[in-house]
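Q: Provided below: model29.txt, containing compact mmCIF, C-alpha atoms.
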```txt
# COMPACT_ATOMS: atom_id res chain seq x y z
CA MET A 1 15.64 18.60 -21.31
CA PRO A 2 12.56 20.75 -20.43
CA ASP A 3 14.38 22.36 -17.48
CA THR A 4 17.47 22.88 -19.61
CA LEU A 5 15.45 24.63 -22.31
CA ALA A 6 13.64 26.78 -19.76
CA ASN A 7 16.94 27.81 -18.16
CA LEU A 8 18.39 28.45 -21.60
CA ARG A 9 15.57 30.77 -22.63
CA CYS A 10 15.64 32.58 -19.27
CA ALA A 11 19.43 33.04 -19.42
CA THR A 12 19.84 31.12 -16.16
CA ALA A 13 23.27 29.67 -15.39
CA GLN A 14 23.20 25.88 -15.55
CA LEU A 15 25.16 22.67 -16.11
CA TRP A 16 24.22 20.31 -18.95
CA ILE A 17 25.67 16.79 -19.03
CA ASN A 18 26.08 15.26 -22.49
CA PRO A 19 23.97 12.08 -22.67
CA GLN A 20 25.74 10.98 -25.87
CA ARG A 21 29.24 10.90 -24.39
CA LEU A 22 31.02 7.60 -25.03
CA ALA A 23 33.90 7.11 -22.62
CA SER A 24 35.85 4.95 -25.06
CA ALA A 25 35.06 6.84 -28.27
CA ALA A 26 37.72 6.25 -30.94
CA ALA A 27 38.79 8.57 -33.75
CA VAL A 28 36.15 11.19 -34.52
CA ASN A 29 34.57 11.41 -37.96
CA LEU A 30 34.39 15.07 -38.87
CA GLY A 31 31.51 14.56 -41.27
CA GLU A 32 32.31 17.02 -44.03
CA GLN A 33 35.94 15.88 -44.14
CA PRO A 34 36.75 12.92 -46.38
CA LEU A 35 38.79 11.13 -43.72
CA ALA A 36 38.52 10.67 -39.99
CA LEU A 37 40.99 12.76 -38.04
CA ARG A 38 43.65 10.63 -36.37
CA THR A 39 46.21 11.12 -33.63
CA ALA A 40 48.87 11.27 -36.34
CA ASP A 41 47.39 14.59 -37.51
CA MET A 42 47.93 16.05 -34.04
CA HIS A 43 51.55 14.88 -34.02
CA ALA A 44 52.02 16.35 -37.51
CA ALA A 45 50.85 19.73 -36.23
CA GLN A 46 53.25 19.51 -33.29
CA ASP A 47 56.09 18.61 -35.67
CA ARG A 48 55.27 21.58 -37.90
CA LEU A 49 55.40 23.98 -34.97
CA ALA A 50 58.76 22.47 -33.99
CA ARG A 51 60.15 22.97 -37.52
CA PHE A 52 59.16 26.63 -37.40
CA ALA A 53 60.43 27.23 -33.85
CA PRO A 54 63.87 28.64 -34.88
CA LEU A 55 62.12 31.04 -37.27
CA LEU A 56 59.64 32.14 -34.60
CA ALA A 57 62.46 32.81 -32.14
CA GLN A 58 64.06 35.00 -34.79
CA LEU A 59 60.85 36.89 -35.60
CA PHE A 60 59.67 37.49 -32.03
CA PRO A 61 62.07 38.49 -29.21
CA GLU A 62 59.59 37.23 -26.61
CA LEU A 63 60.09 33.69 -27.96
CA VAL A 64 63.88 33.63 -27.65
CA ALA A 65 63.86 32.23 -24.12
CA SER A 66 61.56 29.35 -25.14
CA HIS A 67 63.53 28.71 -28.37
CA GLY A 68 60.44 29.46 -30.42
CA GLN A 69 58.10 27.19 -28.47
CA ILE A 70 54.60 28.53 -27.83
CA GLU A 71 53.42 26.98 -24.60
CA SER A 72 51.98 27.87 -21.22
CA ALA A 73 52.51 26.68 -17.67
CA LEU A 74 50.28 24.35 -15.68
CA ILE A 75 49.96 26.12 -12.33
CA PRO A 76 48.44 24.97 -9.03
CA VAL A 77 46.20 27.71 -7.60
CA PRO A 78 45.48 26.79 -3.98
CA ALA A 79 44.67 30.38 -2.97
CA MET A 80 42.07 30.63 -5.74
CA GLN A 81 40.65 27.27 -4.73
CA GLN A 82 40.23 28.50 -1.17
CA ALA A 83 38.76 31.82 -2.35
CA LEU A 84 36.18 29.92 -4.43
CA GLY A 85 35.28 27.77 -1.44
CA LEU A 86 36.22 24.53 -3.17
CA PRO A 87 37.11 21.87 -0.59
CA LEU A 88 40.13 19.62 -1.10
CA ALA A 89 37.71 16.72 -0.84
CA SER A 90 36.47 17.77 -4.31
CA GLY A 91 39.94 17.64 -5.84
CA ARG A 92 42.78 20.04 -6.63
CA LEU A 93 42.50 23.20 -8.75
CA TRP A 94 44.98 24.13 -11.51
CA VAL A 95 45.24 26.81 -14.20
CA LYS A 96 46.48 26.07 -17.71
CA ALA A 97 47.80 29.55 -18.32
CA ASP A 98 47.11 30.27 -21.99
CA HIS A 99 46.32 33.83 -20.90
CA SER A 100 50.11 34.30 -20.82
CA LEU A 101 50.94 32.81 -24.23
CA PRO A 102 53.48 35.15 -25.85
CA VAL A 103 53.00 37.21 -29.02
CA ALA A 104 49.21 36.74 -29.37
CA GLY A 105 48.32 36.65 -25.67
CA SER A 106 45.62 34.00 -25.98
CA ILE A 107 44.76 30.40 -26.78
CA LYS A 108 44.31 31.45 -30.41
CA ALA A 109 48.10 31.48 -30.80
CA ARG A 110 47.91 27.69 -31.00
CA GLY A 111 45.59 27.03 -33.92
CA GLY A 112 46.01 30.46 -35.49
CA PHE A 113 49.79 30.32 -35.72
CA HIS A 114 49.63 26.73 -36.96
CA GLU A 115 47.35 27.51 -39.90
CA VAL A 116 49.40 30.51 -41.06
CA LEU A 117 52.61 28.49 -40.77
CA GLU A 118 51.13 25.53 -42.62
CA TRP A 119 50.09 27.73 -45.52
CA ALA A 120 53.46 29.53 -45.54
CA GLU A 121 55.19 26.14 -45.63
CA GLN A 122 53.08 24.96 -48.57
CA LEU A 123 53.73 28.14 -50.55
CA ALA A 124 57.47 28.10 -49.82
CA LEU A 125 57.82 24.46 -50.87
CA GLN A 126 55.87 25.12 -54.09
CA HIS A 127 57.88 28.25 -54.85
CA GLY A 128 61.18 26.48 -54.27
CA GLY A 129 62.18 28.83 -51.48
CA LEU A 130 62.36 26.01 -48.95
CA MET A 131 63.67 22.47 -48.98
CA ALA A 132 61.73 19.84 -47.05
CA ASP A 133 64.59 19.39 -44.57
CA GLY A 134 65.85 22.96 -44.84
CA ASP A 135 66.38 25.78 -42.38
CA TYR A 136 63.05 27.54 -41.97
CA ARG A 137 64.81 30.76 -40.99
CA THR A 138 65.42 31.28 -44.73
CA LEU A 139 61.78 32.34 -44.89
CA THR A 140 62.82 35.72 -43.51
CA SER A 141 64.86 36.40 -46.67
CA ASP A 142 63.88 39.25 -48.97
CA ASP A 143 62.95 36.77 -51.70
CA ALA A 144 60.64 34.78 -49.41
CA ARG A 145 58.98 37.88 -48.04
CA ALA A 146 58.45 39.24 -51.55
CA TRP A 147 56.75 35.97 -52.50
CA PHE A 148 54.55 36.01 -49.41
CA ALA A 149 53.65 39.65 -50.09
CA ARG A 150 51.86 38.52 -53.25
CA HIS A 151 49.40 36.65 -51.06
CA GLN A 152 46.82 37.68 -48.52
CA VAL A 153 45.80 35.98 -45.28
CA ALA A 154 42.33 36.93 -44.04
CA VAL A 155 40.17 35.93 -41.08
CA GLY A 156 36.90 36.89 -39.42
CA SER A 157 37.25 37.40 -35.68
CA THR A 158 35.95 39.07 -32.55
CA GLY A 159 39.54 39.81 -31.58
CA ASN A 160 41.84 37.07 -30.31
CA LEU A 161 41.94 34.85 -33.40
CA GLY A 162 42.40 37.96 -35.50
CA MET A 163 45.33 38.94 -33.28
CA ALA A 164 47.01 35.57 -33.76
CA ILE A 165 46.41 35.34 -37.50
CA GLY A 166 47.14 38.99 -38.23
CA VAL A 167 50.35 39.28 -36.23
CA MET A 168 51.82 36.03 -37.55
CA ALA A 169 50.83 36.69 -41.16
CA ALA A 170 52.20 40.25 -41.10
CA ALA A 171 55.45 39.09 -39.48
CA LEU A 172 56.04 36.67 -42.37
CA GLY A 173 55.29 39.35 -44.96
CA PHE A 174 51.76 38.41 -46.01
CA ARG A 175 49.11 41.04 -46.58
CA ALA A 176 47.06 40.46 -43.44
CA VAL A 177 43.36 41.35 -43.19
CA VAL A 178 41.06 40.87 -40.20
CA HIS A 179 37.29 41.24 -40.61
CA MET A 180 35.68 42.30 -37.33
CA SER A 181 32.26 43.32 -36.11
CA THR A 182 31.99 46.95 -35.06
CA ASP A 183 31.43 45.94 -31.42
CA ALA A 184 34.81 44.17 -31.12
CA LYS A 185 37.12 45.74 -28.53
CA ALA A 186 38.78 48.93 -29.78
CA TRP A 187 42.13 48.12 -28.17
CA LYS A 188 42.34 44.87 -30.12
CA LYS A 189 41.67 46.68 -33.39
CA ASP A 190 44.29 49.30 -32.52
CA ARG A 191 46.91 46.67 -31.70
CA LEU A 192 46.32 44.88 -34.99
CA ARG A 193 46.74 48.10 -36.94
CA GLN A 194 49.98 48.80 -35.07
CA HIS A 195 51.30 45.50 -36.45
CA GLY A 196 50.45 46.51 -40.01
CA VAL A 197 47.25 44.48 -40.21
CA ALA A 198 44.29 45.85 -42.16
CA VAL A 199 41.16 45.80 -40.00
CA ILE A 200 37.85 45.88 -41.86
CA GLU A 201 34.83 46.57 -39.65
CA HIS A 202 31.40 45.19 -40.47
CA THR A 203 28.02 46.03 -39.02
CA GLY A 204 26.31 43.17 -37.22
CA ASP A 205 27.77 40.39 -35.11
CA TYR A 206 30.67 37.95 -35.48
CA GLU A 207 28.75 35.61 -37.78
CA GLN A 208 28.02 38.40 -40.24
CA ALA A 209 31.62 39.64 -40.19
CA VAL A 210 32.88 36.13 -40.95
CA ALA A 211 30.37 35.65 -43.77
CA GLN A 212 31.35 38.94 -45.43
CA GLY A 213 35.05 38.24 -44.96
CA ARG A 214 34.66 34.76 -46.44
CA GLN A 215 32.82 36.16 -49.46
CA LEU A 216 35.50 38.77 -50.15
CA ALA A 217 38.27 36.21 -49.74
CA HIS A 218 36.71 33.75 -52.19
CA ALA A 219 36.77 36.47 -54.85
CA ASP A 220 40.56 36.84 -54.48
CA PRO A 221 42.63 33.86 -55.75
CA THR A 222 45.68 35.10 -53.83
CA CYS A 223 43.83 35.03 -50.50
CA HIS A 224 43.88 32.28 -47.90
CA PHE A 225 40.86 32.63 -45.62
CA VAL A 226 41.22 31.17 -42.13
CA ASP A 227 37.75 29.84 -41.46
CA ASP A 228 37.21 29.49 -37.73
CA GLU A 229 34.01 27.50 -38.30
CA ARG A 230 35.41 24.95 -40.77
CA SER A 231 39.20 24.74 -40.53
CA VAL A 232 40.86 21.39 -39.82
CA SER A 233 44.26 23.14 -39.70
CA LEU A 234 43.09 25.30 -36.81
CA PHE A 235 41.59 22.23 -35.12
CA VAL A 236 44.77 20.14 -35.20
CA GLY A 237 46.87 23.15 -34.19
CA TYR A 238 44.80 23.45 -31.04
CA SER A 239 44.89 19.70 -30.45
CA ALA A 240 48.69 19.71 -30.18
CA ALA A 241 48.29 21.39 -26.78
CA ALA A 242 47.21 17.99 -25.44
CA LEU A 243 50.66 16.52 -26.06
CA HIS A 244 52.34 19.20 -23.98
CA LEU A 245 49.75 18.98 -21.21
CA GLN A 246 50.29 15.23 -21.08
CA LYS A 247 53.98 15.83 -20.40
CA GLN A 248 53.20 18.51 -17.81
CA LEU A 249 50.94 16.09 -15.96
CA GLN A 250 53.66 13.47 -16.01
CA ASP A 251 56.22 15.98 -14.74
CA GLN A 252 53.86 16.86 -11.87
CA GLY A 253 53.38 13.16 -11.08
CA MET A 254 49.66 13.43 -11.82
CA ALA A 255 47.94 10.24 -12.92
CA VAL A 256 44.79 10.28 -15.04
CA ASP A 257 42.69 7.22 -14.19
CA ALA A 258 39.45 6.20 -12.48
CA GLN A 259 40.76 7.29 -9.08
CA HIS A 260 42.30 10.49 -10.48
CA PRO A 261 39.93 11.89 -13.11
CA LEU A 262 41.00 15.03 -14.97
CA LEU A 263 38.26 17.65 -15.33
CA VAL A 264 39.08 20.37 -17.86
CA TYR A 265 37.07 23.59 -18.22
CA LEU A 266 37.37 25.46 -21.52
CA PRO A 267 35.70 28.76 -22.49
CA CYS A 268 33.83 28.28 -25.76
CA GLY A 269 32.95 30.66 -28.57
CA VAL A 270 32.39 29.13 -32.01
CA GLY A 271 33.95 25.95 -30.63
CA GLY A 272 37.09 25.30 -32.68
CA ALA A 273 39.72 25.93 -30.01
CA PRO A 274 38.10 24.07 -27.10
CA SER A 275 37.03 21.21 -29.36
CA GLY A 276 40.51 20.77 -30.80
CA ILE A 277 41.99 20.65 -27.32
CA ALA A 278 39.27 18.37 -25.95
CA TRP A 279 39.68 15.99 -28.89
CA GLY A 280 43.44 15.93 -28.41
CA LEU A 281 43.17 15.29 -24.67
CA HIS A 282 40.77 12.43 -25.31
CA GLN A 283 43.21 10.87 -27.77
CA VAL A 284 46.22 10.95 -25.46
CA LEU A 285 44.62 10.61 -22.02
CA GLY A 286 41.60 8.43 -22.73
CA GLU A 287 38.29 7.98 -21.00
CA HIS A 288 39.21 9.53 -17.64
CA VAL A 289 39.57 13.06 -18.99
CA HIS A 290 36.28 14.97 -18.83
CA CYS A 291 36.07 18.22 -20.79
CA PHE A 292 33.39 20.83 -20.09
CA PHE A 293 32.77 23.95 -22.18
CA ALA A 294 31.89 27.30 -20.57
CA GLU A 295 29.57 29.77 -22.33
CA PRO A 296 27.82 33.05 -21.44
CA VAL A 297 24.12 32.69 -20.69
CA GLN A 298 23.26 34.97 -23.63
CA SER A 299 25.60 33.21 -26.10
CA PRO A 300 25.40 29.44 -25.45
CA CYS A 301 25.77 28.49 -29.11
CA PHE A 302 27.55 25.20 -28.45
CA LEU A 303 24.96 24.07 -25.92
CA VAL A 304 22.23 24.94 -28.42
CA GLN A 305 23.96 22.92 -31.13
CA MET A 306 24.63 19.90 -28.91
CA MET A 307 20.93 19.70 -28.02
CA ALA A 308 19.73 20.29 -31.59
CA ALA A 309 18.08 17.72 -33.81
CA PRO A 310 20.37 16.01 -36.36
CA GLY A 311 20.87 18.11 -39.45
CA SER A 312 19.85 21.41 -37.85
CA HIS A 313 22.09 24.40 -37.14
CA PRO A 314 20.27 26.71 -34.72
CA SER A 315 21.28 30.13 -33.46
CA VAL A 316 21.03 31.53 -29.95
CA TYR A 317 18.66 34.11 -31.43
CA ASP A 318 16.20 31.28 -32.06
CA TYR A 319 15.84 30.97 -28.28
CA GLY A 320 15.17 34.65 -27.65
CA LEU A 321 18.73 35.35 -26.47
CA THR A 322 20.64 38.53 -27.27
CA ASN A 323 24.18 37.24 -27.92
CA GLN A 324 25.33 40.23 -25.88
CA THR A 325 28.14 39.57 -23.39
CA GLN A 326 31.25 41.27 -22.02
CA ALA A 327 33.11 38.08 -22.90
CA ASP A 328 33.63 39.35 -26.44
CA GLY A 329 35.43 36.26 -27.71
CA LEU A 330 32.45 34.15 -26.68
CA ALA A 331 29.75 36.32 -28.29
CA ILE A 332 28.98 33.83 -31.06
CA PRO A 333 25.40 33.09 -32.20
CA ARG A 334 25.99 29.79 -34.02
CA ALA A 335 28.50 27.00 -33.31
CA SER A 336 30.93 25.38 -35.72
CA LEU A 337 29.35 22.22 -37.14
CA LEU A 338 32.79 20.65 -37.52
CA ALA A 339 33.50 21.22 -33.83
CA ALA A 340 30.07 20.00 -32.73
CA LYS A 341 30.40 16.79 -34.74
CA ALA A 342 33.84 16.20 -33.23
CA MET A 343 32.44 16.65 -29.72
CA ARG A 344 29.23 14.66 -30.08
CA SER A 345 30.55 11.55 -28.30
CA ILE A 346 33.45 13.13 -26.40
CA LEU A 347 32.30 16.28 -24.62
CA ALA A 348 31.34 15.72 -20.98
CA GLY A 349 29.07 18.74 -20.76
CA VAL A 350 28.47 22.48 -21.08
CA PHE A 351 27.82 25.05 -18.36
CA THR A 352 26.66 28.64 -18.72
CA VAL A 353 27.82 31.71 -16.83
CA GLN A 354 26.28 35.11 -16.17
CA ASP A 355 28.50 38.11 -16.94
CA PRO A 356 28.80 39.42 -13.35
CA ARG A 357 30.31 36.08 -12.33
CA LEU A 358 33.03 36.52 -15.01
CA PHE A 359 34.20 39.76 -13.43
CA ASP A 360 33.95 38.37 -9.90
CA HIS A 361 36.18 35.42 -10.77
CA LEU A 362 38.57 37.61 -12.77
CA ALA A 363 39.03 39.83 -9.71
CA LEU A 364 39.26 36.86 -7.35
CA LEU A 365 42.02 35.27 -9.43
CA HIS A 366 43.95 38.53 -9.52
CA ALA A 367 43.62 39.04 -5.75
CA SER A 368 44.46 35.45 -4.82
CA GLU A 369 47.07 34.44 -7.40
CA GLY A 370 48.16 37.70 -9.07
CA MET A 371 47.02 36.55 -12.53
CA ARG A 372 45.56 38.94 -15.10
CA ILE A 373 42.97 37.49 -17.44
CA GLU A 374 40.16 38.87 -19.59
CA PRO A 375 36.46 38.21 -18.86
CA SER A 376 36.06 35.39 -21.36
CA ALA A 377 39.02 33.57 -19.78
CA ALA A 378 37.30 33.64 -16.39
CA ALA A 379 34.34 31.58 -17.62
CA GLY A 380 35.97 28.28 -16.70
CA PHE A 381 36.08 28.95 -12.95
CA SER A 382 32.37 28.33 -12.62
CA GLY A 383 32.94 24.75 -13.74
CA PRO A 384 34.40 23.32 -10.51
CA LEU A 385 31.58 25.02 -8.61
CA HIS A 386 28.98 23.29 -10.81
CA LEU A 387 30.77 19.94 -10.41
CA ARG A 388 31.71 20.03 -6.74
CA ASN A 389 28.88 17.66 -5.77
CA HIS A 390 29.35 15.43 -8.80
CA ALA A 391 30.75 11.91 -8.41
CA LEU A 392 33.81 12.96 -10.43
CA ALA A 393 34.78 15.60 -7.86
CA SER A 394 36.64 13.27 -5.51
CA ALA A 395 39.77 13.94 -3.45
CA GLY A 396 41.86 12.38 -6.22
CA ALA A 397 40.44 14.58 -8.98
CA ASN A 398 42.32 17.39 -10.69
CA HIS A 399 40.38 20.38 -12.04
CA VAL A 400 42.14 22.34 -14.81
CA VAL A 401 40.69 25.73 -15.74
CA TRP A 402 42.01 26.80 -19.15
CA THR A 403 42.52 30.58 -18.96
CA THR A 404 42.35 31.57 -22.61
CA GLY A 405 43.41 35.23 -22.83
CA GLY A 406 44.60 38.30 -20.99
CA LEU A 407 48.31 39.02 -21.49
CA LEU A 408 47.80 41.90 -23.90
CA VAL A 409 44.92 43.64 -22.11
CA PRO A 410 45.90 47.29 -21.49
CA ASP A 411 46.26 48.34 -17.85
CA ALA A 412 43.37 50.80 -18.01
CA GLN A 413 41.11 48.15 -19.52
CA PHE A 414 42.05 45.62 -16.84
CA GLN A 415 41.38 48.13 -14.06
CA GLY A 416 37.96 48.62 -15.59
CA PHE A 417 37.38 44.87 -15.36
CA LEU A 418 38.26 44.91 -11.67
CA GLN A 419 35.86 47.78 -11.06
CA GLN A 420 33.00 45.74 -12.51
CA ALA A 421 33.47 42.98 -9.94
CA THR A 422 30.74 42.94 -7.32
CA GLY A 423 32.99 41.65 -4.57
```
Would you kindly transcribe this structure into structure tokens?
A:
Amino acid sequence: MPDTLANLRCATAQLWINPQRLASAAAVNLGEQPLALRTADMHAAQDRLARFAPLLAQLFPELVASHGQIESALIPVPAMQQALGLPLASGRLWVKADHSLPVAGSIKARGGFHEVLEWAEQLALQHGGLMADGDYRTLTSDDARAWFARHQVAVGSTGNLGMAIGVMAAALGFRAVVHMSTDAKAWKKDRLRQHGVAVIEHTGDYEQAVAQGRQLAHADPTCHFVDDERSVSLFVGYSAAALHLQKQLQDQGMAVDAQHPLLVYLPCGVGGAPSGIAWGLHQVLGEHVHCFFAEPVQSPCFLVQMMAAPGSHPSVYDYGLTNQTQADGLAIPRASLLAAKAMRSILAGVFTVQDPRLFDHLALLHASEGMRIEPSAAAGFSGPLHLRNHALASAGANHVVWTTGGLLVPDAQFQGFLQQATG
């Protein structure tokens, strides 16, 4: 702990292993929630996304080919593995390509779409515009859209969650509002406005934008506020990714057991998305999946929370850190308590990454595999390097780096990312 704290305060990249991890942990008690979350909730989220799939294929041309399914490929990346200098004796490297998720272009399409669709479903059933076993494509009717237009969907975001929530809400006819800090990327704000989403900018960081957005939403009875720090709907929407990954592993003939551990590296901001996925993977794959979160050295809010005393909720500012990083989606000063409680006995560890390494790995992935990701999505590639001498990194291991965003990055912006790589 002393070395970890010293490295934390000095913004030194490091790996922290969770001493409270229980390999056989059962359902996780989410503390503030009245009931423990169960695997059935994950399946319910998957079923909801399936019910809406025909509607999504109708709303978004880019989802026609997948019949409304929002999923990404699991891709072996041997050239990237060689470029990183990872020996085959440490295991095989894969990318879970959420950077290419259609419509929203990031991992946030999972939980974000799910929460908007769940609320739309509830409203439509209450209004009588939808039967429980009906055709969800009726929700594109003029009557349904007029009903949705009486309601607002709002969210606080640094960019990617706002993109997912705003685009989906606007497509259904809701009044969509995204509260963002002034330092959020301009191209993300512009894209939201192009989709008819109202973007409200707030001074300060992400936490302050969320707090102000939450306050405004609570004053409006027609508003549904998507709370990234507290939402179970977001959490279970993300968790459904585990069911698809389980099938992908089976299709690839990849076992997950003591001889073939699965190491998963997830970039982490406030913690909802990676925690939902990690929880889901633990439920369906068991004790031999090991999830590690990746955070910038100046914004390690989840690491800070995992090391904190029970009942406390510290900020990265408390450790003299700036919360300044080019990984804008990860520039979060304080972690979600819901997510931290869910991960207390499940998370394998957290590692931190310096910004120059993000750009180096972004450029290396593009040169070796032709993939385009944003800086925050590159955070996971440091994980296999941290773990290469660990007992888990055997020849039978599989390392999955979850690339969380990048599809919608403008060409000029991406070229700027490449120019920041040190080579």
Q: Write out as a ChimeraX atom specification which residues come within 10 Å of Ala211 (chain A) when counting all atoms listed in the file, dropping same-chain ones fewer than 5 positions away.
A: /A:156,179,206,216-217,227
Q: Between CA of Gly329 (chain A) and CA of Val199 (chain A), what is the spacing in Å?
A: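 Going from CA of Val199 (chain A) over to CA of Gly329 (chain A), I get 16.6 Å.
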Q: Could you list, with a cut-off of 7 Å and counting all atoms listed in the file, the residues of region 327-391 of chain A near region 71-93 of chain A, each shown with its nearest atom pair and the distance in Å rounded to one decimal, rows sorted by chain and ascending number, as a tab-separated table?
A:
```
residue	atom	partner	partner_atom	distance
A:Leu365	CA	A:Met80	CA	5.9
A:Ser368	CA	A:Ala79	CA	5.4
A:Glu369	CA	A:Ala79	CA	6.5
A:Arg388	CA	A:Ser90	CA	5.8
```
Q: Can I get the residues of region 315-359 of chain A within 8 Å of region 279-285 of chain A, each with the closest pair of atoms and their distance in Å to one decimal, using only C-alpha atoms, sorted chain first then ascending number, as a Markdown table?
A:
```
| residue | atom | partner | partner_atom | distance |
| --- | --- | --- | --- | --- |
| A:Ala342 | CA | A:Trp279 | CA | 7.3 |
| A:Met343 | CA | A:Trp279 | CA | 7.3 |
| A:Ile346 | CA | A:Trp279 | CA | 7.3 |
```
Q: Go through A:Ile373, A:Ala184, A:Leu303, A:Leu392 and flag the residue nearest Thr325 (chain A), using only C-alpha atoms for the distances.
A: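 Checking each candidate against Thr325 (chain A), we get A:Ala184 as the closest.
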Q: Excluding same-chain residues fewer than 6 positions from region 266-275 of chain A, what lies within 6 Å of it counting only C-alpha atoms, as a list of chain:residue names?
A: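 Final neighbour list, sorted by chain and number: A:Phe235, A:Tyr238, A:Phe293, A:Ala294, A:Glu295, A:Leu330, A:Ile332, A:Ala335, A:Ser336, A:Ala339, A:Ala379, A:Gly380, A:Trp402.
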